[in-house]
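Asker: Dropping a structure here in structure tokens format, bear with me for questions.
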Amino acid sequence: MTSTNDMPKLREKLILNSIADGVFTVDRNWRITSFNRAAETITGWREDEAVGKSCSEIFQSSICGKSCAIAESLYSGRAISNRSITIVNRRGEKIPISISASPLVDHEGNIIGGVETFRDLATLNTLHRQLIQRHNFAGIISKNPAMQRLFTVIPEIARSPSTVLILGESGTGKELIAQALYNDSERKDRPFVTVNCGALPETLLESELFGYKAGAFTDARTDREGRFAAAEGGTLFLDEIGDIPPGIQVKLLRVLQEKVYEPLGSNLPVKADVRIITATNRDLQAMVRKGTFRDDLFYRLNVVKIQLPPLRDRKEDIPLLIDYFIKRFRVRQGKDIVGISAPALDILMRHRFPGNIRELENIIEYAFILCEGGYILPRHLPEPFTGETGGGEAVQPDKKDGGRTLEEIEKQAISLALERNQWKKQATCLELNISKDTLRRKIDKYGLGRPPNKE
């Protein structure tokens, strides 16, 4: 029979067990004092097995011992919320969770332990993967209406033998579109060869494309095949086609018109069975008007035109792309970073991205260098963005806090609060939300003395 004194504890346990999130509490020695039913489900440990054990022993968290969330909340005096980490359950499986932590204090303001809630992110991560997959076409991620329309016609374009011209700013994914066209084509079992036309001077580009015969120039001791020969029967992707010089424009036009070319140093034409895909970030029509690009070549290239919108015109894709890059870098770098904070996302949503998707990818890669784990915050972004905090930035853990006792954390928190308030006790009590009597006891307990230069 339950006694009257046990009723409050029973009600508390019933409430905790009705919560969908895992909840546990620890005492001042980091020993678990309560463990609800959801915590049992997520971790695989029963309450009677977990209670009395060290929280690090049960959770084996990726941040245990270096940036414990409970320790940080006690140090900062604020609740820590929505930090993503990885724990290891009883079966040895890694489980992604989102955690929040707060200090536990009694009615006098004394710290008696800490409480942490956590949520299994496995289901949420599955939904994110499904969302990305739903808007993923051949590695191109977008839910933008213009891009979605493009996805529907790419298979038809791919099966056509026609020359394709891909237009778009630098970093919009022209190479991915070219690869998708090749992968869906009838030539997918034959070579796919790429040439960056803007990376080579005219003499080298000509020999790179068409090859040469021995003796064609001083160092040509043997015959060498060019990229057209390497791509025979397959696809040749000419990137930055707007950068090719006039002399090579003429030779490329002949390949498109007559399906033949001549290697350097040879007068014998070579047949070319190659599908040509080209791309540029330049305005070819403007170049035609200026006379820097041949009009007949332009019309030969412009049989099928694909125009890729810049990222600033498809901002609805930014969160999707960030999720994709985070997942990719997390696997590559082994860091427990599974999301971006709302303030950091807001900053990126307001950016115009002159470098488009490539720029966004570089920003996320940079953030992975600075972010220890959890959510990417504004301060983890590259320097041009760090001044735009957008508010709501969470405190990042101090690596030195791991392994310290509650007393050590409490002592430093009080000492720093006193320093910040010039040892004015009323202001310090207001900041720490404790009474003057409690503050006086803590000062005596920890032997905190006013520095000589303080009045």
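Just remember, in the structure tokens the first chain shown is A, the second B, etc., residues are 1-based per chain, and ligands are 1-based in the order shown.
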Need the shell around segment 29-33 of chain A: protein/DNA/RNA residues with any atom at most 8 Å away, counting only C-alpha atoms. Skip same-chain ones fewer than 4 positions apart. Format as a list in words?
Answerer: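 My list of contacting residues is Phe24, Thr25, Ala50, Val51, Gly52, Lys53, Ser54, Cys55, Gly113, Thr405 and Leu406 of chain A.
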Asker: Taking the chain letters and numbering used in this document, name the residues of segment 181-374 of chain A that DSSP puts in helix (DSSP H, G or I), as an MDAnalysis selection string.
Answerer: chainID A and resid 181:183 202:210 227:230 241:243 246:258 284:290 295:301 311:313 315:333 342:350 356:370
Asker: Please produce a file of those selected residues containing C-alpha atoms, as a compact mmCIF listing (two decimals), in the first residue's frame.
Answerer:
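File selection06.txt, as written:
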```txt
# COMPACT_ATOMS: atom_id res chain seq x y z
CA LEU A 181 22.83 13.77 -69.36
CA TYR A 182 25.63 11.26 -69.91
CA ASN A 183 24.36 8.82 -67.29
CA GLU A 202 45.43 28.07 -77.34
CA THR A 203 48.36 25.90 -78.45
CA LEU A 204 47.97 23.43 -75.63
CA LEU A 205 44.17 23.36 -75.91
CA GLU A 206 44.36 22.48 -79.62
CA SER A 207 46.69 19.55 -79.03
CA GLU A 208 44.67 18.51 -75.97
CA LEU A 209 41.47 18.34 -78.02
CA PHE A 210 42.69 16.94 -81.31
CA ARG A 227 40.34 14.14 -76.03
CA PHE A 228 38.13 13.60 -79.08
CA ALA A 229 39.85 10.27 -79.65
CA ALA A 230 39.61 9.41 -75.93
CA ILE A 241 33.27 26.88 -74.03
CA GLY A 242 33.07 30.69 -74.12
CA ASP A 243 36.82 30.86 -73.45
CA PRO A 246 38.91 31.96 -82.56
CA GLY A 247 41.34 29.51 -84.18
CA ILE A 248 39.95 26.55 -82.27
CA GLN A 249 36.38 27.76 -82.80
CA VAL A 250 36.84 27.08 -86.52
CA LYS A 251 38.14 23.54 -85.92
CA LEU A 252 35.38 22.77 -83.44
CA LEU A 253 32.79 23.98 -85.95
CA ARG A 254 34.16 21.49 -88.50
CA VAL A 255 33.77 18.64 -86.00
CA LEU A 256 30.15 19.61 -85.42
CA GLN A 257 29.37 20.01 -89.12
CA GLU A 258 31.37 17.20 -90.72
CA LEU A 284 27.52 33.84 -75.77
CA GLN A 285 24.93 35.90 -77.63
CA ALA A 286 26.59 39.10 -76.39
CA MET A 287 29.96 37.68 -77.49
CA VAL A 288 28.51 36.96 -80.94
CA ARG A 289 27.35 40.58 -81.21
CA LYS A 290 30.84 41.77 -80.24
CA ASP A 295 27.76 33.03 -84.80
CA ASP A 296 27.76 29.80 -86.85
CA LEU A 297 29.44 27.94 -83.99
CA PHE A 298 26.97 29.40 -81.50
CA TYR A 299 24.01 28.13 -83.51
CA ARG A 300 25.61 24.70 -83.83
CA LEU A 301 26.12 24.54 -80.06
CA LEU A 311 20.97 30.10 -56.10
CA ARG A 312 19.57 33.54 -55.20
CA ASP A 313 16.58 32.71 -57.45
CA LYS A 315 16.46 30.15 -52.12
CA GLU A 316 13.96 27.48 -51.10
CA ASP A 317 16.78 25.03 -51.91
CA ILE A 318 19.24 26.50 -49.40
CA PRO A 319 18.01 24.47 -46.36
CA LEU A 320 17.93 21.29 -48.46
CA LEU A 321 21.44 21.86 -49.74
CA ILE A 322 22.74 22.68 -46.25
CA ASP A 323 21.29 19.42 -44.90
CA TYR A 324 22.91 17.54 -47.76
CA PHE A 325 26.34 19.13 -47.22
CA ILE A 326 26.16 18.62 -43.45
CA LYS A 327 25.47 14.92 -43.87
CA ARG A 328 28.29 14.57 -46.39
CA PHE A 329 30.88 16.43 -44.28
CA ARG A 330 29.74 14.61 -41.12
CA VAL A 331 30.62 11.28 -42.71
CA ARG A 332 33.86 12.63 -44.14
CA GLN A 333 35.08 14.37 -40.97
CA ALA A 342 17.95 29.21 -37.00
CA PRO A 343 20.07 32.41 -36.68
CA ALA A 344 22.83 30.95 -38.89
CA LEU A 345 20.30 29.75 -41.45
CA ASP A 346 18.65 33.18 -41.45
CA ILE A 347 22.02 34.79 -42.27
CA LEU A 348 22.58 32.43 -45.19
CA MET A 349 19.04 32.87 -46.48
CA ARG A 350 19.67 36.62 -46.75
CA ASN A 356 26.12 29.91 -55.89
CA ILE A 357 26.04 26.27 -54.69
CA ARG A 358 29.82 25.94 -54.68
CA GLU A 359 30.04 28.95 -52.35
CA LEU A 360 27.42 27.45 -50.01
CA GLU A 361 29.31 24.16 -49.92
CA ASN A 362 32.54 25.98 -49.02
CA ILE A 363 30.75 27.89 -46.23
CA ILE A 364 29.48 24.66 -44.65
CA GLU A 365 32.90 23.02 -44.98
CA TYR A 366 34.44 26.03 -43.20
CA ALA A 367 31.80 25.82 -40.44
CA PHE A 368 32.79 22.18 -39.85
CA ILE A 369 36.30 23.33 -38.98
CA LEU A 370 35.11 25.62 -36.17
```
Asker: Assign secondary structure with DSSP using the backbone only, and return the residues of segment 245-431 of chain A in strand (DSSP E) as a list in words.
Answerer: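 Here are the strand (DSSP E) residues of segment 245-431 of chain A: Val260, Tyr261, Val270, Lys271, Arg275, Ile276, Ile277, Thr278, Ala279, Thr280, Val304, Lys305, Ile306, Gln307, Ile337, Val338, Gly339, Ile340, Gly374, Tyr375 and Ile376 of chain A.
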Asker: Any idea what the distance is between atom CA of Ile19 of chain A and atom CA of Leu121 of chain A?
Answerer: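 Taking atom CA of Ile19 of chain A and atom CA of Leu121 of chain A, their separation equals 15.9 Å.
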Asker: For Gly355 of chain A, which residue out of A:Ser56, A:Ser435, A:Thr172, A:Ser73 is the nearest one, using only C-alpha atoms?
Answerer: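 Residue with the minimum atom-to-atom distance to Gly355 of chain A: A:Thr172.
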